[in-house]
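Asks: Have a look at this one.
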Amino acid sequence: MANISIMCLIYFDTALHKPMYMFLFSLLLNGLIGSTAVWPKVMVILLTGDNTNSVEGCLIQAFFMITYGACNFTILAVMAYDRLLSIFNPLQYYTIMTPRKIKQLLFAANVLPAVFILGHLCVISMIPLCKNKINRLFCDTLSFHALSCVEAIQRRVSNLYGICVFVCFGVVPILLIFLSYLKIILLSLKISRNARKKAFETCTPHLIIFINFSFVSIFFVIYVRFYPNFQHLFLSVSYNLFPPLLHPLVYGIRNKETRQSFSKIRRKVIFALGLQETEASKVDIPPPELLEQLIRHIPSTAKLKEGFSTLMFEDLICILSYFLGLNQVFGHIWWSKCGT
């Protein structure tokens with residue numbers, strides 16, 4: 001819910017329609033995809049005890065699992081490029097980072113990994129299987145390799161394809177992120193202390209997310225690759241659990257612009273609710289002709305100077321009935337008596 005709240009905040013607040021928050025929106029959406037790849041099936045297993053899955057369902061789950069990891073690294077690489085550009089060329093930032101370029105970067109970070117991984121799973125689906133049991137809570141490419149009992153050509157092609165996907169959407173984005181931060185560190189040594197502090201404040205949220213996801217991914221790969229028969233619930237779900245949970249903490253609570261946007265929307269909601277209460281508490285205004293009769297019936301200033309004893313009893317009743325809203329109770333019966 002926290003990730004969805006930040007996504008709605010970015011979508012509805014035009015002040016957050018900036019390149020950095022567009023990439024953040026994509027990162028949060030990718031985190032939701034990774035979570036939904038595992039948690040619905042885990043809940044079904046816990047509630048019903050049914051731990052079976054079809055081959056097609058296993059392939060779909062593996063697709064979302066691998067796409068989640070690959071897209072996370074590519075989006076983080078795009079965000080590192082965005083931070084590098086904002087620090088190196090702050091005056092030309094919006095000239096370079098146009099809406100068209102943002103769309104191109106988002107397409108490259110989200111669609112390209114999904115297309116390549118889909119091709120990988122098409123190759124895996126052609127591997128002949130002779131087993132039907134995996135020792136994990138979810139499906140991945142290595143699960144299908146473990147279920148095959150012959151060294152088929154499809155398995156070799158799948159291994160080679162998987163290495164290429166891992167290098168293109170895992171190793172290369174990590175190297176690009178390291179190069180971006182190396183340039184930022186070298187630049188920060190040449191600028192003033194205040195500018196250096198501002199640069200590190202800008203990069204800190206992204207750096208925290210990157211370090212967290214990198215460590216979780218490393219432990220996950222070690223667990224899957226070198227301990228295929230070791231079942232551990234915490235290690236199984238950490239890959240999909242911790243990174244999405246950290247996003248709202250870093251970009252929601254610690255981010256100044258996000259807090260300001262949330263406060264602004266909260267004030268708007270409170271103001272709108274206050275207006276609705278005010279509209280509901282309004283009394284009916286009498287017709288204009290009755291108001292004219294009331295004004296004509298109010299005594300003049302000279303008459304008021306003589307004291308309230310000179311006011312007619314009917315005058316006081318008419319004035320009080322108007323201010324107390326008695327016309328809503330008795331209708332226009334008494335107002336007709338207040339006429340001339």
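How things are named: the first chain in the structure tokens is A, the next is B, and so on; residues count from 1 in each chain; ligands count from 1 in the order shown.
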I'd like the contact shell of range 111-116 of chain A - 7 Å cut-off, only C-alpha atoms, skipping same-chain residues fewer than 5 positions apart - returned as number ranges by chain.
Replies: A: 67, 70-71, 169
Asks: Just the alpha helix (DSSP H) stuff from range 71-135 of chain A, please, per backbone DSSP, written as a PyMOL selection string.
Replies: chain A and resi 71-88+93-96+99-124
Asks: With distances taken over only C-alpha atoms, which of A:Met1, A:Leu147, A:Leu189, A:Leu137 is nearest to Leu29 in chain A?
Replies: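 Looking at the shortest contact to Leu29 in chain A, the residue is A:Met1.
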Asks: With distances taken over only C-alpha atoms, which residue among A:Phe73, A:Phe213, A:Phe88, A:Phe64 lies nearest Leu186 in chain A?
Replies: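 Going through A:Phe73, A:Phe213, A:Phe88, A:Phe64 one by one, the smallest distance to Leu186 in chain A is for A:Phe88.
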Asks: From the list A:His17, A:Arg267, A:Arg196, A:Arg83, which residue is nearest Ser180 in chain A when using only C-alpha atoms?
Replies: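 Nearest to Ser180 in chain A: A:Arg83.
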Asks: Which is closest to Val221 in chain A among A:Gln61, A:Asn89, A:Met97, A:Ser238, if we use only C-alpha atoms?
Replies: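 Distance minimum relative to Val221 in chain A lands on A:Ser238.
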Asks: Calculate how many Å separate CA of Tyr21 in chain A from CA of Ile96 in chain A, rounding to one decimal.
Replies: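 These atoms are spaced 16.3 Å apart.
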Asks: Using only C-alpha atoms, which of A:Ile163, A:Leu187, A:Ile209, A:Met20 sits nearest Leu105 in chain A?
Replies: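 That would be A:Met20, the residue with the smallest distance to Leu105 in chain A.
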Asks: Could you list, as number ranges by chain, every residue within 9 Å of His120 in chain A, counting only C-alpha atoms and ignoring same-chain residues fewer than 3 positions away?
Replies: A: 115-117, 123-125, 141, 158, 161-162, 165
